[in-house]
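Peer 1: Next comes model-v2.cif, mmCIF, C-alpha atoms:
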```cif
data_input
loop_
_atom_site.label_atom_id
_atom_site.label_comp_id
_atom_site.auth_asym_id
_atom_site.auth_seq_id
_atom_site.Cartn_x
_atom_site.Cartn_y
_atom_site.Cartn_z
CA MET A 1 -3.74 66.85 50.94
CA ALA A 2 -7.21 68.22 51.50
CA ASP A 3 -6.81 70.95 48.92
CA GLN A 4 -5.59 68.60 46.17
CA PRO A 5 -8.16 67.64 43.52
CA THR A 6 -9.46 64.06 43.58
CA ALA A 7 -8.75 61.47 40.90
CA LEU A 8 -12.07 62.12 39.16
CA GLU A 9 -11.55 65.88 39.20
CA ARG A 10 -8.06 65.44 37.76
CA PHE A 11 -9.45 63.24 35.00
CA VAL A 12 -12.23 65.63 34.01
CA GLN A 13 -10.05 68.73 34.23
CA GLY A 14 -7.55 67.35 31.75
CA ILE A 15 -10.09 66.86 28.98
CA LEU A 16 -11.61 70.33 28.61
CA PRO A 17 -11.40 72.76 31.56
CA GLU A 18 -7.59 72.48 31.71
CA ASN A 19 -6.98 71.21 28.18
CA PRO A 20 -3.20 71.01 27.71
CA VAL A 21 -3.20 72.71 24.31
CA TYR A 22 -6.11 75.16 24.42
CA ARG A 23 -6.01 76.22 28.08
CA GLN A 24 -2.46 75.57 29.27
CA LEU A 25 -0.73 76.15 25.90
CA LEU A 26 1.68 73.30 26.62
CA GLY A 27 3.21 70.88 24.14
CA MET A 28 3.13 73.38 21.28
CA CYS A 29 5.96 71.75 19.33
CA PRO A 30 4.14 68.53 18.39
CA THR A 31 0.88 70.46 18.17
CA LEU A 32 2.28 72.56 15.34
CA ALA A 33 4.67 70.07 13.76
CA VAL A 34 2.80 66.81 13.30
CA THR A 35 -0.78 67.96 12.76
CA ASN A 36 -0.56 68.03 8.95
CA GLY A 37 -2.45 64.75 8.87
CA MET A 38 -4.70 62.72 11.15
CA LYS A 39 -2.46 59.63 11.09
CA PRO A 40 0.73 61.28 12.38
CA ALA A 41 -1.29 63.37 14.84
CA MET A 42 -2.99 60.32 16.33
CA THR A 43 0.28 58.38 16.51
CA MET A 44 1.82 61.33 18.33
CA ALA A 45 -1.17 61.52 20.72
CA CYS A 46 -0.85 57.80 21.52
CA SER A 47 2.91 58.06 22.10
CA VAL A 48 2.43 61.05 24.40
CA ALA A 49 -0.33 59.19 26.25
CA PHE A 50 1.94 56.18 26.79
CA VAL A 51 4.86 58.30 28.01
CA LEU A 52 2.67 60.49 30.21
CA LEU A 53 0.94 57.54 31.85
CA CYS A 54 4.19 55.67 32.55
CA ALA A 55 6.05 58.78 33.73
CA ASN A 56 3.18 59.79 36.03
CA ILE A 57 2.95 56.32 37.57
CA VAL A 58 6.71 56.01 38.17
CA THR A 59 6.96 59.54 39.55
CA SER A 60 4.04 58.94 41.86
CA LEU A 61 5.56 55.67 43.12
CA ILE A 62 8.84 57.34 44.06
CA ARG A 63 7.35 60.66 45.20
CA GLY A 64 8.37 60.01 48.83
CA LEU A 65 12.03 59.73 47.84
CA LEU A 66 12.23 62.86 45.69
CA LYS A 67 14.50 65.68 46.84
CA PRO A 68 13.32 69.17 45.82
CA HIS A 69 16.52 70.13 44.02
CA LEU A 70 16.86 66.83 42.18
CA ARG A 71 13.26 66.28 41.14
CA ILE A 72 13.52 67.75 37.61
CA VAL A 73 16.49 65.46 36.87
CA VAL A 74 14.47 62.46 37.97
CA PHE A 75 11.45 63.55 35.88
CA THR A 76 13.59 64.03 32.78
CA LEU A 77 15.32 60.71 33.28
CA THR A 78 12.00 58.88 33.62
CA ILE A 79 10.45 60.63 30.63
CA ALA A 80 13.51 60.07 28.43
CA THR A 81 13.43 56.34 29.18
CA PHE A 82 9.81 55.90 28.17
CA VAL A 83 10.20 58.12 25.09
CA THR A 84 13.11 55.98 23.92
CA ILE A 85 11.00 52.86 24.39
CA ALA A 86 8.14 54.45 22.40
CA ASP A 87 10.57 55.49 19.66
CA ARG A 88 12.05 51.99 19.33
CA VAL A 89 8.63 50.32 19.33
CA LEU A 90 7.40 52.65 16.57
CA ALA A 91 10.51 51.98 14.49
CA ALA A 92 10.02 48.25 14.89
CA TYR A 93 6.27 47.95 14.27
CA LEU A 94 5.21 51.15 12.45
CA TYR A 95 8.34 51.79 10.41
CA GLN A 96 6.78 54.13 7.83
CA MET A 97 5.05 56.20 10.52
CA SER A 98 8.25 56.45 12.51
CA LYS A 99 9.96 57.79 9.37
CA THR A 100 7.17 60.35 8.90
CA LEU A 101 7.34 61.59 12.48
CA GLY A 102 11.13 61.72 12.33
CA PRO A 103 12.66 63.72 15.17
CA TYR A 104 9.35 64.60 16.80
CA ILE A 105 9.10 61.35 18.78
CA PRO A 106 12.48 61.87 20.55
CA LEU A 107 11.37 65.47 21.12
CA ILE A 108 8.55 64.28 23.41
CA ILE A 109 11.29 64.25 26.08
CA VAL A 110 11.16 68.04 26.18
CA ASN A 111 7.38 68.25 25.94
CA CYS A 112 6.48 70.55 28.86
CA LEU A 113 3.10 68.90 29.23
CA ILE A 114 4.65 65.76 30.72
CA ILE A 115 7.08 67.53 33.07
CA CYS A 116 4.19 69.78 34.13
CA ARG A 117 1.98 66.81 35.06
CA CYS A 118 4.83 65.11 36.97
CA GLU A 119 5.44 68.33 38.87
CA VAL A 120 1.86 69.41 39.51
CA CYS A 121 0.17 66.08 40.14
CA ALA A 122 2.27 62.92 40.16
CA SER A 123 4.94 64.11 42.58
CA LYS A 124 2.27 65.08 45.13
CA GLN A 125 -0.55 62.56 44.80
CA ASN A 126 -1.06 58.80 44.88
CA VAL A 127 -0.65 56.44 41.95
CA PHE A 128 -4.36 56.15 41.14
CA THR A 129 -4.85 59.92 40.99
CA ALA A 130 -1.67 60.33 38.95
CA ALA A 131 -2.80 57.69 36.48
CA SER A 132 -6.26 59.17 36.03
CA ASP A 133 -4.67 62.60 35.63
CA ALA A 134 -2.44 61.20 32.89
CA VAL A 135 -5.38 59.60 31.10
CA GLY A 136 -7.44 62.80 31.31
CA GLN A 137 -4.63 65.02 30.06
CA SER A 138 -3.84 62.55 27.27
CA ILE A 139 -7.45 62.56 26.07
CA GLY A 140 -7.40 66.35 26.14
CA PHE A 141 -4.13 66.44 24.19
CA GLY A 142 -5.44 63.87 21.70
CA LEU A 143 -8.65 65.85 21.12
CA ALA A 144 -6.71 69.05 20.61
CA LEU A 145 -4.34 67.44 18.09
CA ALA A 146 -7.29 65.82 16.32
CA SER A 147 -9.14 69.15 16.01
CA ILE A 148 -6.15 70.89 14.44
CA ALA A 149 -5.14 67.95 12.23
CA MET A 150 -8.73 67.58 10.98
CA VAL A 151 -8.92 71.18 9.78
CA ARG A 152 -5.45 71.09 8.24
CA GLU A 153 -5.70 67.75 6.46
CA LEU A 154 -9.23 68.40 5.18
CA LEU A 155 -8.40 71.83 3.75
CA GLY A 156 -4.89 70.93 2.66
CA THR A 157 -5.50 67.60 0.94
CA GLY A 158 -9.29 67.22 0.80
CA GLY A 159 -9.25 64.02 2.86
CA LEU A 160 -8.94 62.54 6.33
CA PHE A 161 -6.61 59.68 7.31
CA GLY A 162 -5.43 59.76 3.68
CA ILE A 163 -8.94 58.95 2.36
CA ALA A 164 -10.43 61.56 0.01
CA ILE A 165 -13.59 63.17 1.43
CA LEU A 166 -14.09 66.49 -0.31
CA PRO A 167 -15.01 66.41 -4.04
CA THR A 168 -12.02 66.34 -6.39
CA ALA A 169 -12.95 69.86 -7.52
CA TRP A 170 -11.63 71.08 -4.17
CA PRO A 171 -8.42 73.04 -4.80
CA ASP A 172 -6.05 71.70 -2.15
CA TRP A 173 -4.89 74.56 0.04
CA VAL A 174 -1.30 73.35 0.21
CA ILE A 175 -0.42 76.07 2.73
CA MET A 176 -2.59 74.31 5.32
CA VAL A 177 -0.29 71.26 5.43
CA LEU A 178 2.80 73.49 5.44
CA PRO A 179 4.09 75.03 8.70
CA PRO A 180 2.23 78.37 8.26
CA GLY A 181 -1.05 76.43 8.15
CA ALA A 182 -0.31 75.07 11.62
CA PHE A 183 0.05 78.56 13.08
CA ILE A 184 -3.03 79.89 11.27
CA THR A 185 -5.18 76.95 12.37
CA LEU A 186 -3.98 76.94 15.97
CA GLY A 187 -4.45 80.73 16.21
CA LEU A 188 -7.99 80.66 14.84
CA LEU A 189 -9.07 77.66 16.94
CA LEU A 190 -7.52 79.18 20.06
CA GLY A 191 -9.39 82.40 19.32
CA CYS A 192 -12.64 80.47 18.95
CA VAL A 193 -12.13 78.68 22.27
CA ASN A 194 -11.44 81.97 24.05
CA TRP A 195 -14.42 83.65 22.40
CA LEU A 196 -16.74 80.82 23.50
CA GLU A 197 -15.28 81.05 27.01
CA MET A 198 -15.96 84.81 27.14
CA ARG A 199 -19.53 84.40 25.94
CA ARG A 200 -20.21 81.73 28.53
CA SER A 201 -19.11 83.81 31.50
CA MET B 1 34.01 65.55 70.24
CA ASP B 2 30.26 65.86 69.64
CA ASP B 3 30.83 68.82 67.38
CA THR B 4 33.15 66.97 65.05
CA THR B 5 30.83 63.94 64.85
CA SER B 6 27.83 66.03 63.88
CA GLU B 7 29.98 67.99 61.49
CA LYS B 8 31.15 64.77 59.91
CA ARG B 9 27.62 63.49 59.67
CA GLU B 10 26.47 66.71 58.07
CA ARG B 11 29.26 66.56 55.54
CA PHE B 12 28.37 62.94 54.89
CA GLN B 13 24.72 63.83 54.33
CA ASN B 14 25.63 66.69 52.04
CA ASN B 15 27.84 64.51 49.90
CA ASN B 16 26.74 65.04 46.30
CA LEU B 17 26.95 61.41 45.29
CA LEU B 18 24.92 60.30 48.28
CA GLN B 19 22.21 62.84 47.59
CA ALA B 20 21.97 61.65 44.06
CA TRP B 21 21.48 57.99 45.00
CA LEU B 22 17.95 57.98 43.60
CA VAL B 23 19.09 59.48 40.29
CA LEU B 24 21.94 57.00 40.03
CA THR B 25 19.76 54.01 40.89
CA LEU B 26 17.05 55.06 38.45
CA ALA B 27 19.61 55.71 35.72
CA PHE B 28 20.99 52.23 36.27
CA ILE B 29 17.58 50.53 36.19
CA PHE B 30 16.40 52.54 33.18
CA GLY B 31 19.67 51.88 31.40
CA ILE B 32 19.28 48.14 31.81
CA SER B 33 15.67 48.17 30.66
CA LEU B 34 16.56 50.26 27.59
CA ALA B 35 19.34 47.85 26.74
CA GLY B 36 16.74 45.08 26.96
CA VAL B 37 14.36 46.96 24.66
CA GLN B 38 17.16 47.58 22.16
CA ALA B 39 18.25 43.95 22.27
CA ALA B 40 14.68 42.82 21.63
CA LEU B 41 13.72 45.34 18.93
CA GLY B 42 17.05 46.27 17.34
CA PRO B 43 17.19 43.34 14.89
CA LYS B 44 13.58 43.99 13.86
CA ILE B 45 14.30 47.66 13.14
CA GLU B 46 17.36 46.75 11.07
CA ALA B 47 15.29 44.16 9.23
CA ASN B 48 12.65 46.82 8.46
CA LYS B 49 15.27 49.02 6.83
CA ILE B 50 16.77 46.21 4.76
CA LYS B 51 13.33 44.90 3.81
CA GLU B 52 12.30 48.29 2.44
CA THR B 53 15.40 48.45 0.28
CA MET B 54 15.11 44.84 -0.90
CA GLU B 55 11.46 45.29 -1.84
CA LYS B 56 12.34 48.23 -4.04
CA VAL B 57 15.31 46.68 -5.84
CA PRO B 58 13.32 44.71 -8.50
CA GLU B 59 11.12 47.76 -9.18
CA VAL B 60 14.12 50.03 -9.64
CA VAL B 61 15.99 47.59 -11.88
CA LEU B 62 13.13 46.29 -14.04
CA GLY B 63 10.47 48.97 -13.75
CA LEU B 64 7.21 48.59 -11.82
CA GLU B 65 5.27 46.54 -14.41
CA ALA B 66 8.01 44.06 -15.15
CA ALA B 67 8.72 43.66 -11.43
CA GLN B 68 5.05 42.91 -10.74
CA LYS B 69 4.90 40.45 -13.62
CA LEU B 70 7.98 38.72 -12.30
CA SER B 71 6.62 38.39 -8.77
CA GLU B 72 3.26 37.14 -10.14
CA SER B 73 5.05 34.41 -12.05
CA GLY B 74 6.53 33.35 -8.72
CA GLU B 75 10.07 34.16 -9.65
CA ALA B 76 12.27 36.48 -7.71
CA LEU B 77 15.54 38.20 -8.39
CA ASN B 78 18.59 37.03 -6.51
CA ILE B 79 19.87 40.09 -4.77
CA GLN B 80 23.33 40.31 -3.31
CA SER B 81 24.75 43.36 -1.67
CA ARG B 82 28.33 44.46 -1.83
CA ILE B 83 30.27 47.52 -0.83
CA ILE B 84 32.07 49.48 -3.53
CA GLU B 85 34.92 51.58 -2.30
CA VAL B 86 35.79 54.72 -4.24
CA ASP B 87 39.02 56.60 -3.69
CA LYS B 88 38.56 60.33 -3.53
CA LYS B 89 41.37 62.83 -3.29
CA ASP B 90 41.36 63.06 0.48
CA LYS B 91 38.96 60.38 1.66
CA LYS B 92 37.33 57.11 0.74
CA LYS B 93 33.67 56.87 -0.11
CA PHE B 94 31.62 53.73 0.28
CA TYR B 95 28.56 52.74 -1.74
CA THR B 96 26.24 49.86 -0.99
CA VAL B 97 25.39 48.28 -4.32
CA TYR B 98 22.82 45.53 -4.81
CA GLU B 99 23.49 43.16 -7.66
CA ALA B 100 20.27 41.68 -9.04
CA ARG B 101 20.35 38.45 -11.06
CA PHE B 102 17.57 36.43 -12.68
CA GLN B 103 17.05 32.79 -11.68
CA ASP B 104 19.28 31.67 -14.60
CA ASN B 105 22.07 33.84 -13.17
CA ALA B 106 21.83 36.42 -15.96
CA LEU B 107 22.59 39.88 -14.63
CA ALA B 108 19.49 42.08 -14.39
CA GLY B 109 21.21 45.20 -13.18
CA TRP B 110 22.55 47.04 -10.20
CA VAL B 111 20.96 49.24 -7.59
CA ALA B 112 23.11 51.70 -5.71
CA LYS B 113 22.15 53.33 -2.45
CA ALA B 114 23.25 56.94 -2.28
CA GLY B 115 22.59 60.04 -0.28
CA GLY B 116 23.31 63.74 -0.24
CA GLN B 117 22.15 67.10 0.96
CA GLY B 118 18.74 68.20 -0.32
CA TYR B 119 16.93 71.48 0.32
CA ALA B 120 15.78 70.69 3.84
CA ASP B 121 17.71 67.63 4.92
CA LYS B 122 19.58 64.64 3.62
CA ILE B 123 17.99 62.80 0.71
CA GLU B 124 18.53 59.04 0.53
CA LEU B 125 17.74 57.26 -2.69
CA LEU B 126 18.16 54.09 -4.71
CA VAL B 127 19.27 54.40 -8.31
CA GLY B 128 19.08 51.47 -10.71
CA ILE B 129 21.60 50.88 -13.48
CA ASP B 130 21.17 48.31 -16.25
CA ALA B 131 23.39 45.28 -16.79
CA GLN B 132 25.47 47.09 -19.41
CA ALA B 133 26.10 49.96 -16.94
CA GLU B 134 24.95 52.32 -19.70
CA ASN B 135 21.45 53.40 -18.71
CA ILE B 136 19.57 54.36 -15.58
CA THR B 137 16.68 51.97 -14.99
CA GLY B 138 14.88 53.70 -12.18
CA LEU B 139 14.90 55.87 -9.10
CA PHE B 140 13.37 55.47 -5.68
CA ILE B 141 13.50 57.97 -2.83
CA LEU B 142 14.09 56.17 0.47
CA ASP B 143 14.14 59.14 2.79
CA GLN B 144 13.54 62.86 2.31
CA LYS B 145 12.28 65.77 4.37
CA GLU B 146 11.74 68.27 1.53
CA THR B 147 8.98 70.88 1.62
CA PRO B 148 5.56 69.17 1.53
CA GLY B 149 3.69 70.09 -1.63
CA LEU B 150 6.81 71.27 -3.47
CA GLY B 151 10.08 69.47 -2.87
CA ASN B 152 8.51 66.23 -1.72
CA LYS B 153 7.28 65.74 -5.30
CA ILE B 154 10.69 64.14 -5.90
CA SER B 155 8.97 61.01 -4.53
CA ASP B 156 6.18 61.19 -7.13
CA THR B 157 6.15 58.37 -9.66
CA ALA B 158 5.59 60.77 -12.56
CA TRP B 159 8.71 62.76 -11.81
CA ARG B 160 10.83 59.74 -10.98
CA ASN B 161 9.87 58.05 -14.26
CA GLN B 162 11.79 60.72 -16.18
CA PHE B 163 14.98 59.04 -15.05
CA VAL B 164 14.16 55.72 -16.68
CA ASP B 165 16.40 55.03 -19.72
CA LYS B 166 18.51 58.14 -19.23
CA PRO B 167 22.18 57.52 -20.04
CA ALA B 168 24.41 56.65 -17.12
CA THR B 169 27.53 57.58 -19.05
CA SER B 170 26.96 61.35 -19.22
CA PRO B 171 25.76 63.62 -16.41
CA LEU B 172 22.08 64.53 -16.13
CA VAL B 173 21.10 68.14 -16.72
CA VAL B 174 18.23 69.88 -14.93
CA VAL B 175 16.16 72.10 -17.23
CA LYS B 176 13.25 74.41 -16.47
CA ASP B 177 11.84 74.87 -19.99
CA LYS B 178 10.76 71.26 -20.58
CA SER B 179 13.25 71.09 -23.48
CA GLN B 180 13.91 67.58 -24.67
CA GLY B 181 17.36 66.12 -24.61
CA PRO B 182 18.93 62.75 -23.95
CA SER B 183 20.07 63.76 -20.46
CA ASN B 184 17.50 66.43 -19.64
CA ILE B 185 15.47 66.22 -16.43
CA ASP B 186 12.57 68.63 -16.05
CA ALA B 187 12.80 70.47 -12.72
CA ILE B 188 9.81 70.47 -10.35
CA SER B 189 8.42 74.00 -10.43
CA GLY B 190 9.00 75.62 -7.06
CA ALA B 191 11.53 72.99 -6.10
CA THR B 192 14.54 73.54 -8.35
CA ILE B 193 16.97 72.97 -5.48
CA SER B 194 15.47 69.58 -4.63
CA SER B 195 15.49 68.58 -8.31
CA VAL B 196 19.11 69.64 -8.75
CA ALA B 197 20.07 67.86 -5.52
CA VAL B 198 18.58 64.54 -6.69
CA CYS B 199 20.29 64.80 -10.09
CA GLY B 200 23.54 65.76 -8.40
CA ILE B 201 23.45 62.71 -6.13
CA ILE B 202 22.74 60.45 -9.12
CA ASN B 203 25.51 62.00 -11.27
CA GLN B 204 28.00 61.65 -8.44
CA THR B 205 27.03 58.06 -7.71
CA VAL B 206 27.01 56.94 -11.33
CA SER B 207 30.38 58.52 -12.09
CA ASP B 208 31.86 57.08 -8.87
CA ILE B 209 30.75 53.49 -9.26
CA GLY B 210 30.42 53.33 -13.06
CA PRO B 211 34.04 52.17 -13.70
CA THR B 212 33.76 49.41 -11.07
CA LEU B 213 30.48 48.18 -12.55
CA THR B 214 31.88 48.16 -16.10
CA SER B 215 34.88 46.10 -14.99
CA THR B 216 32.64 43.66 -13.06
CA LYS B 217 30.51 43.19 -16.16
CA LYS B 218 33.48 42.10 -18.23
CA GLU B 219 34.61 39.49 -15.72
#
```
Would you kindly transcribe this structure into C-alpha cells?
Peer 2:
Amino acid sequence: MADQPTALERFVQGILPENPVYRQLLGMCPTLAVTNGMKPAMTMACSVAFVLLCANIVTSLIRGLLKPHLRIVVFTLTIATFVTIADRVLAAYLYQMSKTLGPYIPLIIVNCLIICRCEVCASKQNVFTAASDAVGQSIGFGLALASIAMVRELLGTGGLFGIAILPTAWPDWVIMVLPPGAFITLGLLLGCVNWLEMRRS
Amino acid sequence: MDDTTSEKRERFQNNNLLQAWLVLTLAFIFGISLAGVQAALGPKIEANKIKETMEKVPEVVLGLEAAQKLSESGEALNIQSRIIEVDKKDKKKFYTVYEARFQDNALAGWVAKAGGQGYADKIELLVGIDAQAENITGLFILDQKETPGLGNKISDTAWRNQFVDKPATSPLVVVKDKSQGPSNIDAISGATISSVAVCGIINQTVSDIGPTLTSTKKE
C-alpha cells in the first residue's frame, strides 16, 4: 500500500491535477448534455457527488470480499442503487428539475467517472481515503460543469441561474444552449487548459 | 479417495452461484432498500404529477386572469377527473378528462389530458374546452423535449394564447403566412413540425372526446 496516494493527495488530485472532465475526460455525457444552464448543471453535480460518495464508501467497505472477475458487476449494482435513490428523491422534492434533467439522472449509472473511482481508489484503499477521493473528484466535476454551464448560459440567454445579467441589448446566442454549443465550449475550454498546462511546463 | 475429495471441493468452490454470493447478497439488500425508498417517496411523486395538472386546470378553463381573480376571491373550482373511453377501429383509446365546476355547480368547462409524438419526443398537454363543448379555452404544455430556442416555444404564453377561443368543432389549421382565419394557428418559425404536432394532438383529442362531452352537457 506504500505506493498508493494518501487521503489528502487523493482529495487534492481530484480537484485540479486530475480533474475528471479536463484531465481524465470522463463523464462526458452529462458534461455536454446538462450544461445549458447553471441550475441543471449544479443539480447534476450534486447528484453525481452523492452517488460517487456512497458508491466509493460501499465499495471500500466490501473491498476485501471482491473477486476480480465479479468486481465490475458489484460496482454497477452499487452505483445503480444509489442513482435510483437520487432519481426518486429528485422526482419527489425537485419535480420541475427532475423533468428538466429527464433521462440524464438515470444515465449517471453509466458515468465512467464513478466506475473509474471505484476501480482505481475505493476497491484498493480504506474508507476514509475513498471518501476523500470521492469528495475531491466531485468538487472537480462540479467546477468543470460550472465552468462550461457559465459560458453557455451567459452567452446563450444573457443570464446565470435564470437571472438576467447581460444588458437586454445582448443578442442571445441560441446556439450556445443547443447541443453544438456544448461541443464548442468544451473544445475551447479544453484547449485553454492544455495551452496553460504547456506554458507552465 | 483424496483425489475425489479435493476434486469435489474444487468443483464446489468453482460453482457459479457460490462465487456470486456477494453479488446476490448485495442485490437482495439493495433491492429491499430501493423498495423502501419507493414506498416512502412513490406517493409524493404521484402527488407532484397530479398537483401540477390540478394547478393548471383553472388557468386552462378560465384563462390566466380569471383564474387568478377566482383564487384571490377565495373560491376554487371543483375538479373531478374521469376517464373517457373512445373506440377506434382496432383499439380503445383512453382520455383523462377533468370536469371543472364553479361552487354553485355550474359547469365551467373541461380539461383533457392528451399526448402525441412531437419533433423530438412525446408532447404531453392539457387542452381546455368550454362548457358548451364548442370552443377551446386554453392550452398548457405539461411535458416536451423539443429543440430549445425553436420547438420549445410551444410552451410560450404568447403562442399558446392563439388557441384561446378557437372553435372545437372544426379542426385547427397551421399556417405560415400569419393569415387570419377562425381556425388558423400561426406556426412557430423554425418549428413547423412542433406546431403541427401540437395542433394534431388537439384536433385528435377534440374530435375523439367531443361527442361524449356534448352528450354529457345535455344530461
Peer 1: I'd like the residues picked by the PyMOL selection byres ((chain B) within 12 of (chain A)) written out as a ChimeraX atom specification, using the chain letters and numbers from the file.
Peer 2: /B:16-52,121,142-152
Peer 1: List the neighbours of Ile209 (chain B) out to 10 Å using all atoms listed in the file; skip same-chain residues closer than 2 positions along the sequence, and give me the result as a PyMOL selection string.
Peer 2: chain B and resi 84-86+94-95+97+112+133+204-207+211-214
Peer 1: Please dump the current selection as a PDB file, keeping the file's coordinate frame; keep C-alpha atoms.
Peer 2:
```
ATOM      1  CA  ILE B  84      32.070  49.480  -3.530  1.00  0.00           C
ATOM      2  CA  GLU B  85      34.920  51.580  -2.300  1.00  0.00           C
ATOM      3  CA  VAL B  86      35.790  54.720  -4.240  1.00  0.00           C
ATOM      4  CA  PHE B  94      31.620  53.730   0.280  1.00  0.00           C
ATOM      5  CA  TYR B  95      28.560  52.740  -1.740  1.00  0.00           C
ATOM      6  CA  VAL B  97      25.390  48.280  -4.320  1.00  0.00           C
ATOM      7  CA  ALA B 112      23.110  51.700  -5.710  1.00  0.00           C
ATOM      8  CA  ALA B 133      26.100  49.960 -16.940  1.00  0.00           C
ATOM      9  CA  GLN B 204      28.000  61.650  -8.440  1.00  0.00           C
ATOM     10  CA  THR B 205      27.030  58.060  -7.710  1.00  0.00           C
ATOM     11  CA  VAL B 206      27.010  56.940 -11.330  1.00  0.00           C
ATOM     12  CA  SER B 207      30.380  58.520 -12.090  1.00  0.00           C
ATOM     13  CA  PRO B 211      34.040  52.170 -13.700  1.00  0.00           C
ATOM     14  CA  THR B 212      33.760  49.410 -11.070  1.00  0.00           C
ATOM     15  CA  LEU B 213      30.480  48.180 -12.550  1.00  0.00           C
ATOM     16  CA  THR B 214      31.880  48.160 -16.100  1.00  0.00           C
TER      17      THR B 214
END
```
Peer 1: With the PyMOL selection byres ((chain B and resi 55-62) around 9) as the selection, what would be picked from this file? Answer as a VMD selection string, please.
Peer 2: chain B and resid 50 to 54 63 to 68 70 76 to 77 79 98 100 108 to 111 126 to 130 136 to 140
Peer 1: Find the residues with any atom within 12 Å of (-1.8, 55.4, 12.9); use all atoms listed in the file and the coordinates as given in the file, and write the answer as an MDAnalysis selection string.
Peer 2: chainID A and resid 37:47 90 93:98 100:101 161:162
Peer 1: Got a sec: who's within 12 Å of Gly14 (chain A), counting all atoms listed in the file, leaving out chain neighbours fewer than 4 positions off, as an MDAnalysis selection string?
Peer 2: chainID A and resid 5 7:10 18:24 113 117 121 130:144
Peer 1: For CA of Pro167 (chain B) and CA of Asp208 (chain B), determine how far apart the two atoms are, in Å to one decimal place.
Peer 2: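 Computing it gives 14.8 Å between the two atoms.
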Peer 1: From the set B:Gln80, B:Gln103, B:Asn135, B:Ser215, which residue has the shortest atom-to-atom contact distance to Val164 (chain B), counting all atoms listed in the file?
Peer 2: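 Closest candidate: B:Asn135.
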Peer 1: Measure the distance from CA of Ala168 (chain B) to CA of Glu134 (chain B) in Å and round it to one decimal.
Peer 2: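 Atom-to-atom, CA of Ala168 (chain B) and CA of Glu134 (chain B) are spaced 5.1 Å apart.
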Peer 1: Work out how far apart CA of Lys153 (chain B) and CA of Phe183 (chain A) are and give it in Å to one decimal.
Peer 2: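 Separation of CA of Lys153 (chain B) and CA of Phe183 (chain A): 23.5 Å.
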Peer 1: Would you kindly identify which residues have an atom no farther than 7 Å from (-4.9, 72.9, 10.1), using only C-alpha atoms and the file's own coordinates, and write them out as a ChimeraX atom specification?
Peer 2: /A:35-36,148-153,176-177,181-182,185
